[in-house]
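The structure appears right after this line, and notes come after that.
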Amino acid sequence: MFLKCVECTECGWSADAKQLRTICESCGANVQARYELRAAREAVSRDQIVGRPFDMWRYREVLPVAADVEPVTLGEGGTPLLPANRLGSELGLTKLYVKDEGQNPTGSFKARGMSAAVSMAKTFGVEALAVPSAGNAASAAAAYGARAGLPVHVAMPRNTPAAIQVECEVLGAHVTLIDGNISACGAWVREHAAPNGWFDLSTLKEPYRVEGKKTMGFEVCEQLGWTLPDVILYPTGGGTGLVGMWKAFHEMRELGWLDPEAPLPRMYAVQADGCAPVVEAFHGGLERITPPANPQTIAAGLRVPAPFADRWILRVLHESNGGAVAISDNALIAGCRQLATADGVFAAPEAGTLVAALAELVDGGSVTRDETVILFNTGSGLKYLECFQ
Ligand SMILES: Cc1ncc(COP(=O)(O)O)c(C=O)c1O
Ligand SMILES: [Zn+2]
């Protein structure tokens, strides 16, 4: 067990990890888990990790759950990194890959975060869980809550894809449909969680979902033979995966799993143009986002007008020399269709944005022919059939 403490990403406040932590008690920003990385480096080598089962728990030494505790798992992680050769040649790239997170339990990368967060909540004796969600986080919470034997309360917009609503109900979650976007769902959870004793799993309002999601960063490097890609494109709503992977790359350097001199990837946040607060703040040179008045997009997971960790997300984009791109709904659906017909991956609309964004970045010269580029297909298109009919 190498988890050392939690630490605020903004003011440096820190506290032990012996109780369940939420946000910074000094400034209210999000906190992140910190590990004894030197000791972890002594305890496990990357060669030992390669010999373990291929799921996210193979990186146990740098995950928060104690060594003697069974994680709440459904086999999350261990997703394929698929060469996308036809799409690559259509876009003029020689080393394009899709990390297919749609192959996770409940069909999205949210499984990783919920496995870690629900495991920790259970360890600390939480008796019920709650989450506001634009979609996939709700069904992941429902599944991992069921697995842990804990009741789950989800609040999601009434226009959440039908498959996700059905999935949550079948998995036994208590579903509340809200006339509004994820911010209104978040307000509902804040109002009901504390009085009812539910633990709030909202994005980045507890430190462990991001720990699960960072394993996408470990896996990608491992799958590239312990090297880093040049460019990562990530569909950004709350930004957990983006900041999580950036954290993972820094941890990997300290663990001796990467060449310490190798440059880190350029991280690109991609959003839908009807709800692009991160793109607007990045291009305006701002440290904080301004929520759009009327957030609209067919990509439910990107309908996040006020990401809580905006400062952290924007720092990652700047530090990595990356950027931010906004894509129209028509172009993101066309992107899904192009990836599907070229290379056989039926991506969620959120990830359809990446195809159109990459075409723009190649056209503008920001991404060049022989660079290694990874598109994160964060979820399966099968949950969004209404977007394609
Ligand atoms: C398929 C899909 N992609 C991307 C996102 C955005 O993820 P993040 O909150 O990590 O930015 C979501 C969030 O709901 C999602 O469901
Ligand atoms: Zn703080």
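Quick note on naming: the chains in the structure tokens go A, B, ... in the order shown, residues restart at 1 in each chain, and ligands are numbered from 1 in order of appearance.
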**OP:** Write out as JSON, numbers by chain which residues come within 9 Å of stretch 380-388 of chain A when counting only C-alpha atoms, dropping same-chain ones fewer than 4 positions away.
**Re:** {"A": [100, 101, 102, 103, 104, 106, 107, 108, 161, 162, 163, 164, 298, 299, 333, 336, 337, 345, 346, 347, 348, 349]}
Subject >> Surrounding residues as a PyMOL selection string, ligand 1, max 8 Å, only C-alpha atoms and all ligand atoms >> reply: chain A and resi 108-110+133-137+203+213+234-242+299-302+348-351+377-380
**OP:** Find the residue from A:Gly12, A:Gly51, A:Pro305, A:Gly149 that sits nearest to ligand 2; use only C-alpha atoms and all ligand atoms when measuring.
**Re:** A:Gly12
Which residues of chain A sit at most 9 Å from ligand 2, using only C-alpha atoms and all ligand atoms? Give each one's shortest atom pair and distance in Å (one decimal place), in chain and ascending residue order, as JSON lines.
```
{"residue": "A:Glu7", "atom": "CA", "partner": "ligand 2", "partner_atom_place_in_ligand_line": "1 (Zn)", "distance": 7.9}
{"residue": "A:Cys8", "atom": "CA", "partner": "ligand 2", "partner_atom_place_in_ligand_line": "1 (Zn)", "distance": 4.6}
{"residue": "A:Thr9", "atom": "CA", "partner": "ligand 2", "partner_atom_place_in_ligand_line": "1 (Zn)", "distance": 6.6}
{"residue": "A:Glu10", "atom": "CA", "partner": "ligand 2", "partner_atom_place_in_ligand_line": "1 (Zn)", "distance": 5.1}
{"residue": "A:Cys11", "atom": "CA", "partner": "ligand 2", "partner_atom_place_in_ligand_line": "1 (Zn)", "distance": 4.0}
{"residue": "A:Gly12", "atom": "CA", "partner": "ligand 2", "partner_atom_place_in_ligand_line": "1 (Zn)", "distance": 5.9}
{"residue": "A:Trp13", "atom": "CA", "partner": "ligand 2", "partner_atom_place_in_ligand_line": "1 (Zn)", "distance": 5.2}
{"residue": "A:Ser14", "atom": "CA", "partner": "ligand 2", "partner_atom_place_in_ligand_line": "1 (Zn)", "distance": 8.2}
{"residue": "A:Ile23", "atom": "CA", "partner": "ligand 2", "partner_atom_place_in_ligand_line": "1 (Zn)", "distance": 7.9}
{"residue": "A:Cys24", "atom": "CA", "partner": "ligand 2", "partner_atom_place_in_ligand_line": "1 (Zn)", "distance": 4.7}
{"residue": "A:Glu25", "atom": "CA", "partner": "ligand 2", "partner_atom_place_in_ligand_line": "1 (Zn)", "distance": 6.7}
{"residue": "A:Ser26", "atom": "CA", "partner": "ligand 2", "partner_atom_place_in_ligand_line": "1 (Zn)", "distance": 5.1}
{"residue": "A:Cys27", "atom": "CA", "partner": "ligand 2", "partner_atom_place_in_ligand_line": "1 (Zn)", "distance": 4.0}
{"residue": "A:Gly28", "atom": "CA", "partner": "ligand 2", "partner_atom_place_in_ligand_line": "1 (Zn)", "distance": 5.7}
{"residue": "A:Ala29", "atom": "CA", "partner": "ligand 2", "partner_atom_place_in_ligand_line": "1 (Zn)", "distance": 5.2}
{"residue": "A:Asn30", "atom": "CA", "partner": "ligand 2", "partner_atom_place_in_ligand_line": "1 (Zn)", "distance": 7.2}
{"residue": "A:Val31", "atom": "CA", "partner": "ligand 2", "partner_atom_place_in_ligand_line": "1 (Zn)", "distance": 7.4}
```
Can those selected residues be exported to a file as a PDB file, in the first residue's frame so that it contains N, CA and C atoms?
```pdb
ATOM      1  N   GLU A   7      -3.817  15.550  -1.844  1.00  0.00           N
ATOM      2  CA  GLU A   7      -3.226  16.888  -1.909  1.00  0.00           C
ATOM      3  C   GLU A   7      -4.065  17.744  -2.859  1.00  0.00           C
ATOM      4  N   CYS A   8      -4.309  18.993  -2.465  1.00  0.00           N
ATOM      5  CA  CYS A   8      -5.102  19.895  -3.307  1.00  0.00           C
ATOM      6  C   CYS A   8      -4.328  20.229  -4.581  1.00  0.00           C
ATOM      7  N   THR A   9      -5.023  20.234  -5.716  1.00  0.00           N
ATOM      8  CA  THR A   9      -4.343  20.552  -6.979  1.00  0.00           C
ATOM      9  C   THR A   9      -4.129  22.057  -7.132  1.00  0.00           C
ATOM     10  N   GLU A  10      -4.725  22.857  -6.263  1.00  0.00           N
ATOM     11  CA  GLU A  10      -4.603  24.311  -6.408  1.00  0.00           C
ATOM     12  C   GLU A  10      -3.795  24.975  -5.302  1.00  0.00           C
ATOM     13  N   CYS A  11      -4.039  24.613  -4.025  1.00  0.00           N
ATOM     14  CA  CYS A  11      -3.394  25.388  -2.946  1.00  0.00           C
ATOM     15  C   CYS A  11      -2.372  24.569  -2.172  1.00  0.00           C
ATOM     16  N   GLY A  12      -2.236  23.282  -2.471  1.00  0.00           N
ATOM     17  CA  GLY A  12      -1.212  22.481  -1.795  1.00  0.00           C
ATOM     18  C   GLY A  12      -1.664  21.890  -0.471  1.00  0.00           C
ATOM     19  N   TRP A  13      -2.896  22.208  -0.003  1.00  0.00           N
ATOM     20  CA  TRP A  13      -3.418  21.584   1.226  1.00  0.00           C
ATOM     21  C   TRP A  13      -3.305  20.073   1.095  1.00  0.00           C
ATOM     22  N   SER A  14      -2.894  19.400   2.179  1.00  0.00           N
ATOM     23  CA  SER A  14      -2.871  17.945   2.073  1.00  0.00           C
ATOM     24  C   SER A  14      -3.380  17.309   3.364  1.00  0.00           C
ATOM     25  N   ILE A  23     -13.240  17.038  -1.209  1.00  0.00           N
ATOM     26  CA  ILE A  23     -12.529  18.157  -1.848  1.00  0.00           C
ATOM     27  C   ILE A  23     -11.619  18.828  -0.814  1.00  0.00           C
ATOM     28  N   CYS A  24     -10.840  19.812  -1.285  1.00  0.00           N
ATOM     29  CA  CYS A  24      -9.894  20.520  -0.420  1.00  0.00           C
ATOM     30  C   CYS A  24     -10.641  21.239   0.703  1.00  0.00           C
ATOM     31  N   GLU A  25     -10.184  21.021   1.945  1.00  0.00           N
ATOM     32  CA  GLU A  25     -10.853  21.648   3.081  1.00  0.00           C
ATOM     33  C   GLU A  25     -10.414  23.089   3.272  1.00  0.00           C
ATOM     34  N   SER A  26      -9.420  23.516   2.485  1.00  0.00           N
ATOM     35  CA  SER A  26      -8.977  24.904   2.605  1.00  0.00           C
ATOM     36  C   SER A  26      -9.576  25.788   1.513  1.00  0.00           C
ATOM     37  N   CYS A  27      -9.504  25.342   0.236  1.00  0.00           N
ATOM     38  CA  CYS A  27      -9.960  26.236  -0.842  1.00  0.00           C
ATOM     39  C   CYS A  27     -11.115  25.665  -1.664  1.00  0.00           C
ATOM     40  N   GLY A  28     -11.502  24.427  -1.412  1.00  0.00           N
ATOM     41  CA  GLY A  28     -12.666  23.871  -2.109  1.00  0.00           C
ATOM     42  C   GLY A  28     -12.393  23.272  -3.479  1.00  0.00           C
ATOM     43  N   ALA A  29     -11.119  23.278  -3.919  1.00  0.00           N
ATOM     44  CA  ALA A  29     -10.793  22.673  -5.225  1.00  0.00           C
ATOM     45  C   ALA A  29     -10.681  21.150  -5.073  1.00  0.00           C
ATOM     46  N   ASN A  30     -10.359  20.492  -6.184  1.00  0.00           N
ATOM     47  CA  ASN A  30     -10.263  19.037  -6.096  1.00  0.00           C
ATOM     48  C   ASN A  30      -8.905  18.603  -5.563  1.00  0.00           C
ATOM     49  N   VAL A  31      -8.902  17.425  -4.929  1.00  0.00           N
ATOM     50  CA  VAL A  31      -7.654  16.877  -4.397  1.00  0.00           C
ATOM     51  C   VAL A  31      -7.245  15.661  -5.207  1.00  0.00           C
TER      52      VAL A  31
END
```
Subject >> Residue list (alpha helix (DSSP H), DSSP) for stretch 17-222 of chain A, as a PyMOL selection string >> reply: chain A and resi 37-43+46-50+85-91+110-123+136-148+162-170+182-196+209-222
Next, the residues of the selection above should be written as a compact mmCIF listing (two decimals), in the first residue's frame with C-alpha atoms.
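Ended up saving to result26.txt:
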```
# COMPACT_ATOMS: atom_id res chain seq x y z
CA LEU A 37 6.60 6.42 -5.58
CA ARG A 38 10.18 5.70 -4.57
CA ALA A 39 9.06 2.80 -2.41
CA ALA A 40 6.67 1.60 -5.13
CA ARG A 41 9.56 1.70 -7.59
CA GLU A 42 11.55 -0.62 -5.31
CA ALA A 43 8.58 -2.93 -4.80
CA ARG A 46 7.40 -3.02 -15.12
CA ASP A 47 8.46 -6.56 -16.07
CA GLN A 48 6.58 -7.94 -13.07
CA ILE A 49 3.52 -5.95 -14.08
CA VAL A 50 3.55 -7.43 -17.58
CA ASN A 85 -4.56 2.13 -40.57
CA ARG A 86 -7.35 2.99 -43.00
CA LEU A 87 -8.50 6.07 -41.12
CA GLY A 88 -4.82 6.99 -40.75
CA SER A 89 -4.23 6.85 -44.49
CA GLU A 90 -7.44 8.82 -45.14
CA LEU A 91 -6.07 11.53 -42.84
CA LYS A 110 -16.21 5.26 -16.74
CA ALA A 111 -15.87 1.67 -15.50
CA ARG A 112 -12.25 2.30 -14.52
CA GLY A 113 -13.04 5.32 -12.37
CA MET A 114 -16.05 3.71 -10.71
CA SER A 115 -14.17 0.51 -9.93
CA ALA A 116 -11.57 2.50 -8.01
CA ALA A 117 -13.98 4.95 -6.36
CA VAL A 118 -16.58 2.35 -5.33
CA SER A 119 -13.80 0.10 -3.98
CA MET A 120 -12.56 2.95 -1.77
CA ALA A 121 -16.05 3.99 -0.67
CA LYS A 122 -16.79 0.40 0.34
CA THR A 123 -13.50 0.16 2.24
CA ASN A 136 -22.08 6.61 -18.87
CA ALA A 137 -20.94 7.44 -15.34
CA ALA A 138 -24.45 6.62 -14.11
CA SER A 139 -24.53 3.13 -15.56
CA ALA A 140 -20.98 2.45 -14.38
CA ALA A 141 -21.92 3.59 -10.86
CA ALA A 142 -25.04 1.40 -11.04
CA ALA A 143 -22.99 -1.66 -12.03
CA TYR A 144 -20.21 -1.21 -9.49
CA GLY A 145 -22.71 -0.34 -6.76
CA ALA A 146 -24.56 -3.58 -7.52
CA ARG A 147 -21.27 -5.46 -7.48
CA ALA A 148 -20.41 -3.95 -4.09
CA ALA A 162 -32.50 5.63 -23.70
CA ALA A 163 -30.13 2.66 -23.49
CA ILE A 164 -28.32 4.20 -20.54
CA GLN A 165 -31.57 4.90 -18.68
CA VAL A 166 -32.69 1.29 -19.15
CA GLU A 167 -29.26 -0.01 -18.19
CA CYS A 168 -29.33 1.93 -14.90
CA GLU A 169 -32.77 0.63 -14.00
CA VAL A 170 -31.90 -2.97 -14.81
CA ILE A 182 -25.51 17.87 -15.61
CA SER A 183 -25.16 21.02 -13.48
CA ALA A 184 -28.81 20.71 -12.43
CA CYS A 185 -28.22 17.00 -11.73
CA GLY A 186 -25.21 17.94 -9.59
CA ALA A 187 -27.37 20.39 -7.60
CA TRP A 188 -29.95 17.64 -7.03
CA VAL A 189 -27.28 15.28 -5.71
CA ARG A 190 -25.81 17.98 -3.43
CA GLU A 191 -29.27 18.61 -2.01
CA HIS A 192 -30.11 14.96 -1.38
CA ALA A 193 -26.79 13.22 -0.65
CA ALA A 194 -25.81 14.61 2.77
CA PRO A 195 -29.25 14.42 4.44
CA ASN A 196 -29.67 10.83 3.27
CA ARG A 209 -12.28 8.09 -9.92
CA VAL A 210 -9.33 9.87 -11.49
CA GLU A 211 -7.02 7.15 -10.10
CA GLY A 212 -8.95 4.52 -12.03
CA LYS A 213 -8.95 6.61 -15.19
CA LYS A 214 -5.23 7.31 -15.06
CA THR A 215 -4.68 3.62 -15.84
CA MET A 216 -5.59 4.48 -19.46
CA GLY A 217 -2.26 6.35 -19.52
CA PHE A 218 -0.31 3.42 -18.03
CA GLU A 219 -1.88 1.01 -20.51
CA VAL A 220 -1.27 3.06 -23.61
CA CYS A 221 2.45 3.36 -22.81
CA GLU A 222 2.72 -0.30 -21.97
```
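Atom to atom, atom CA of A:Ala66 and atom CA of A:Phe199 stand 19.9 Å apart.
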Subject >> Atom pair atom CA of A:Ala272 / atom CA of A:Val152: separation (Å) >> reply: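 Pair atom CA of A:Ala272 / atom CA of A:Val152 returns 29.4 Å.
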Original post:
What separation in Å, quoted to one decimal, exists between atom CA of A:Thr341 and atom CA of A:Thr372?
Top reply: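 Value for the atom CA of A:Thr341-atom CA of A:Thr372 distance: 21.5 Å.
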**OP:** Can you work out which one of A:Leu201, A:Val62, A:Cys275, A:Met267 has the shortest atom-to-atom distance to A:Glu254, counting only C-alpha atoms?
**Re:**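 For A:Glu254, the nearest of the candidates is A:Val62.
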Subject >> Proximity to A:Pro157 - best of A:Asn321, A:Asp179, A:Ala359, A:His174, only C-alpha atoms >> reply: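 Counting only C-alpha atoms, the residue closest to A:Pro157 is A:Asp179.
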Subject >> Long-range neighbours of A:Thr368 as an NGL selection string, 10 Å cut-off, only C-alpha atoms, 3 positions minimum in chain >> reply: :A and (92-94 or 230-231 or 361-365 or 371-373)
**OP:** Name the closest residue to A:Pro295 among the candidates A:Ser202, A:Thr176, A:Ser320, A:Gln271; distances are taken between atoms, counting only C-alpha atoms.
**Re:** A:Gln271
Closest atom pairs, residues of stretch 192-263 of chain A within 8 Å of stretch 16-22 of chain A, only C-alpha atoms, as CSV:
```
residue,atom,partner,partner_atom,distance
A:Lys205,CA,A:Thr22,CA,5.5
A:Glu206,CA,A:Thr22,CA,4.2
A:Pro207,CA,A:Thr22,CA,6.6
```
**OP:** Check stretch 18-251 of chain A with DSSP on the backbone and list each residue it calls strand (DSSP E or B), as a VMD selection string.
**Re:** chain A and resid 23 30 to 35 81 to 83 95 to 100 108 129 to 132 152 to 157 174 to 178 199 to 200 231 to 235
Residues of the last selection are to be written out with N, CA, C and O atoms, as a compact mmCIF listing (two decimals), in the first residue's frame.
```txt
# COMPACT_ATOMS: atom_id res chain seq x y z
N ILE A 23 -13.24 17.04 -1.21
CA ILE A 23 -12.53 18.16 -1.85
C ILE A 23 -11.62 18.83 -0.81
O ILE A 23 -11.63 18.47 0.36
N ASN A 30 -10.36 20.49 -6.18
CA ASN A 30 -10.26 19.04 -6.10
C ASN A 30 -8.90 18.60 -5.56
O ASN A 30 -7.91 19.31 -5.71
N VAL A 31 -8.90 17.43 -4.93
CA VAL A 31 -7.65 16.88 -4.40
C VAL A 31 -7.24 15.66 -5.21
O VAL A 31 -8.08 15.03 -5.86
N GLN A 32 -5.95 15.36 -5.19
CA GLN A 32 -5.46 14.17 -5.90
C GLN A 32 -4.68 13.27 -4.95
O GLN A 32 -4.10 13.74 -3.97
N ALA A 33 -4.66 11.98 -5.27
CA ALA A 33 -3.94 11.00 -4.45
C ALA A 33 -2.45 11.11 -4.72
O ALA A 33 -2.03 11.30 -5.86
N ARG A 34 -1.67 10.99 -3.67
CA ARG A 34 -0.21 10.96 -3.80
C ARG A 34 0.32 9.66 -3.21
O ARG A 34 -0.17 9.18 -2.19
N TYR A 35 1.34 9.11 -3.87
CA TYR A 35 1.90 7.80 -3.48
C TYR A 35 3.36 7.94 -3.08
O TYR A 35 4.05 8.89 -3.48
N LEU A 81 -5.43 -1.51 -27.90
CA LEU A 81 -4.95 -0.32 -28.62
C LEU A 81 -4.89 -0.74 -30.08
O LEU A 81 -3.99 -1.48 -30.49
N LEU A 82 -5.88 -0.30 -30.85
CA LEU A 82 -6.06 -0.82 -32.21
C LEU A 82 -5.41 0.10 -33.24
O LEU A 82 -5.72 1.30 -33.28
N PRO A 83 -4.53 -0.42 -34.09
CA PRO A 83 -4.06 0.42 -35.19
C PRO A 83 -5.26 0.81 -36.07
O PRO A 83 -6.11 -0.04 -36.35
N LYS A 95 0.86 6.45 -38.16
CA LYS A 95 0.81 5.73 -36.87
C LYS A 95 -0.36 6.22 -36.03
O LYS A 95 -0.19 6.88 -35.01
N LEU A 96 -1.53 5.88 -36.52
CA LEU A 96 -2.75 6.29 -35.81
C LEU A 96 -3.34 5.07 -35.09
O LEU A 96 -3.43 3.98 -35.66
N TYR A 97 -3.73 5.26 -33.82
CA TYR A 97 -4.32 4.18 -33.02
C TYR A 97 -5.61 4.66 -32.38
O TYR A 97 -5.76 5.84 -32.06
N VAL A 98 -6.48 3.68 -32.13
CA VAL A 98 -7.68 3.94 -31.32
C VAL A 98 -7.58 3.10 -30.06
O VAL A 98 -7.41 1.87 -30.13
N LYS A 99 -7.65 3.74 -28.91
CA LYS A 99 -7.73 3.00 -27.64
C LYS A 99 -9.21 2.77 -27.40
O LYS A 99 -9.98 3.72 -27.17
N ASP A 100 -9.63 1.50 -27.49
CA ASP A 100 -11.07 1.22 -27.53
C ASP A 100 -11.66 0.97 -26.15
O ASP A 100 -11.85 -0.18 -25.73
N SER A 108 -17.98 1.69 -21.34
CA SER A 108 -17.24 2.96 -21.39
C SER A 108 -16.09 2.98 -20.39
O SER A 108 -16.04 2.16 -19.46
N LEU A 129 -24.50 5.23 -2.44
CA LEU A 129 -23.74 6.08 -3.37
C LEU A 129 -24.70 6.94 -4.17
O LEU A 129 -25.84 6.54 -4.42
N ALA A 130 -24.20 8.10 -4.61
CA ALA A 130 -25.00 8.95 -5.49
C ALA A 130 -24.09 9.58 -6.53
O ALA A 130 -22.92 9.87 -6.26
N VAL A 131 -24.63 9.77 -7.75
CA VAL A 131 -23.83 10.43 -8.78
C VAL A 131 -24.73 11.17 -9.76
O VAL A 131 -25.77 10.65 -10.18
N PRO A 132 -24.34 12.40 -10.09
CA PRO A 132 -24.99 13.08 -11.21
C PRO A 132 -24.23 12.67 -12.46
O PRO A 132 -23.01 12.53 -12.42
N VAL A 152 -27.48 2.65 -5.17
CA VAL A 152 -26.95 3.75 -5.97
C VAL A 152 -28.10 4.67 -6.39
O VAL A 152 -29.13 4.19 -6.87
N HIS A 153 -27.90 5.97 -6.21
CA HIS A 153 -28.88 6.97 -6.65
C HIS A 153 -28.25 7.78 -7.76
O HIS A 153 -27.18 8.36 -7.57
N VAL A 154 -28.87 7.78 -8.95
CA VAL A 154 -28.31 8.57 -10.05
C VAL A 154 -29.30 9.64 -10.47
O VAL A 154 -30.51 9.43 -10.49
N ALA A 155 -28.73 10.81 -10.80
CA ALA A 155 -29.55 11.90 -11.35
C ALA A 155 -29.00 12.19 -12.72
O ALA A 155 -27.80 12.44 -12.88
N MET A 156 -29.87 12.10 -13.73
CA MET A 156 -29.40 12.39 -15.08
C MET A 156 -30.43 13.16 -15.88
O MET A 156 -31.63 13.13 -15.57
N PRO A 157 -29.95 13.89 -16.91
CA PRO A 157 -30.89 14.68 -17.71
C PRO A 157 -31.94 13.78 -18.37
O PRO A 157 -31.63 12.64 -18.75
N HIS A 174 -31.48 3.70 -8.36
CA HIS A 174 -32.64 4.59 -8.21
C HIS A 174 -32.39 5.77 -9.13
O HIS A 174 -31.46 6.54 -8.90
N VAL A 175 -33.20 5.89 -10.19
CA VAL A 175 -32.93 6.89 -11.23
C VAL A 175 -33.85 8.09 -11.05
O VAL A 175 -35.07 7.93 -10.95
N THR A 176 -33.28 9.29 -11.00
CA THR A 176 -34.07 10.52 -11.04
C THR A 176 -33.74 11.26 -12.32
O THR A 176 -32.57 11.57 -12.57
N LEU A 177 -34.77 11.51 -13.14
CA LEU A 177 -34.56 12.25 -14.38
C LEU A 177 -34.79 13.73 -14.11
O LEU A 177 -35.77 14.10 -13.45
N ILE A 178 -33.87 14.55 -14.60
CA ILE A 178 -33.89 15.98 -14.29
C ILE A 178 -34.15 16.77 -15.58
O ILE A 178 -33.57 16.46 -16.62
N PHE A 199 -22.91 8.78 -0.35
CA PHE A 199 -21.60 9.35 -0.69
C PHE A 199 -21.64 9.86 -2.13
O PHE A 199 -22.04 9.16 -3.05
N ASP A 200 -21.21 11.11 -2.31
CA ASP A 200 -21.30 11.79 -3.62
C ASP A 200 -20.08 11.46 -4.48
O ASP A 200 -18.96 11.85 -4.16
N VAL A 231 0.95 12.39 -29.56
CA VAL A 231 -0.28 13.20 -29.45
C VAL A 231 -1.42 12.33 -28.93
O VAL A 231 -1.57 11.18 -29.36
N ILE A 232 -2.20 12.90 -28.02
CA ILE A 232 -3.43 12.23 -27.54
C ILE A 232 -4.60 13.17 -27.74
O ILE A 232 -4.54 14.35 -27.37
N LEU A 233 -5.66 12.64 -28.34
CA LEU A 233 -6.91 13.41 -28.47
C LEU A 233 -7.94 12.77 -27.55
O LEU A 233 -8.14 11.55 -27.60
N TYR A 234 -8.59 13.61 -26.76
CA TYR A 234 -9.49 13.09 -25.72
C TYR A 234 -10.78 13.92 -25.69
O TYR A 234 -10.72 15.14 -25.56
N PRO A 235 -11.94 13.25 -25.79
CA PRO A 235 -13.21 14.00 -25.73
C PRO A 235 -13.46 14.46 -24.30
O PRO A 235 -13.59 13.63 -23.41
```
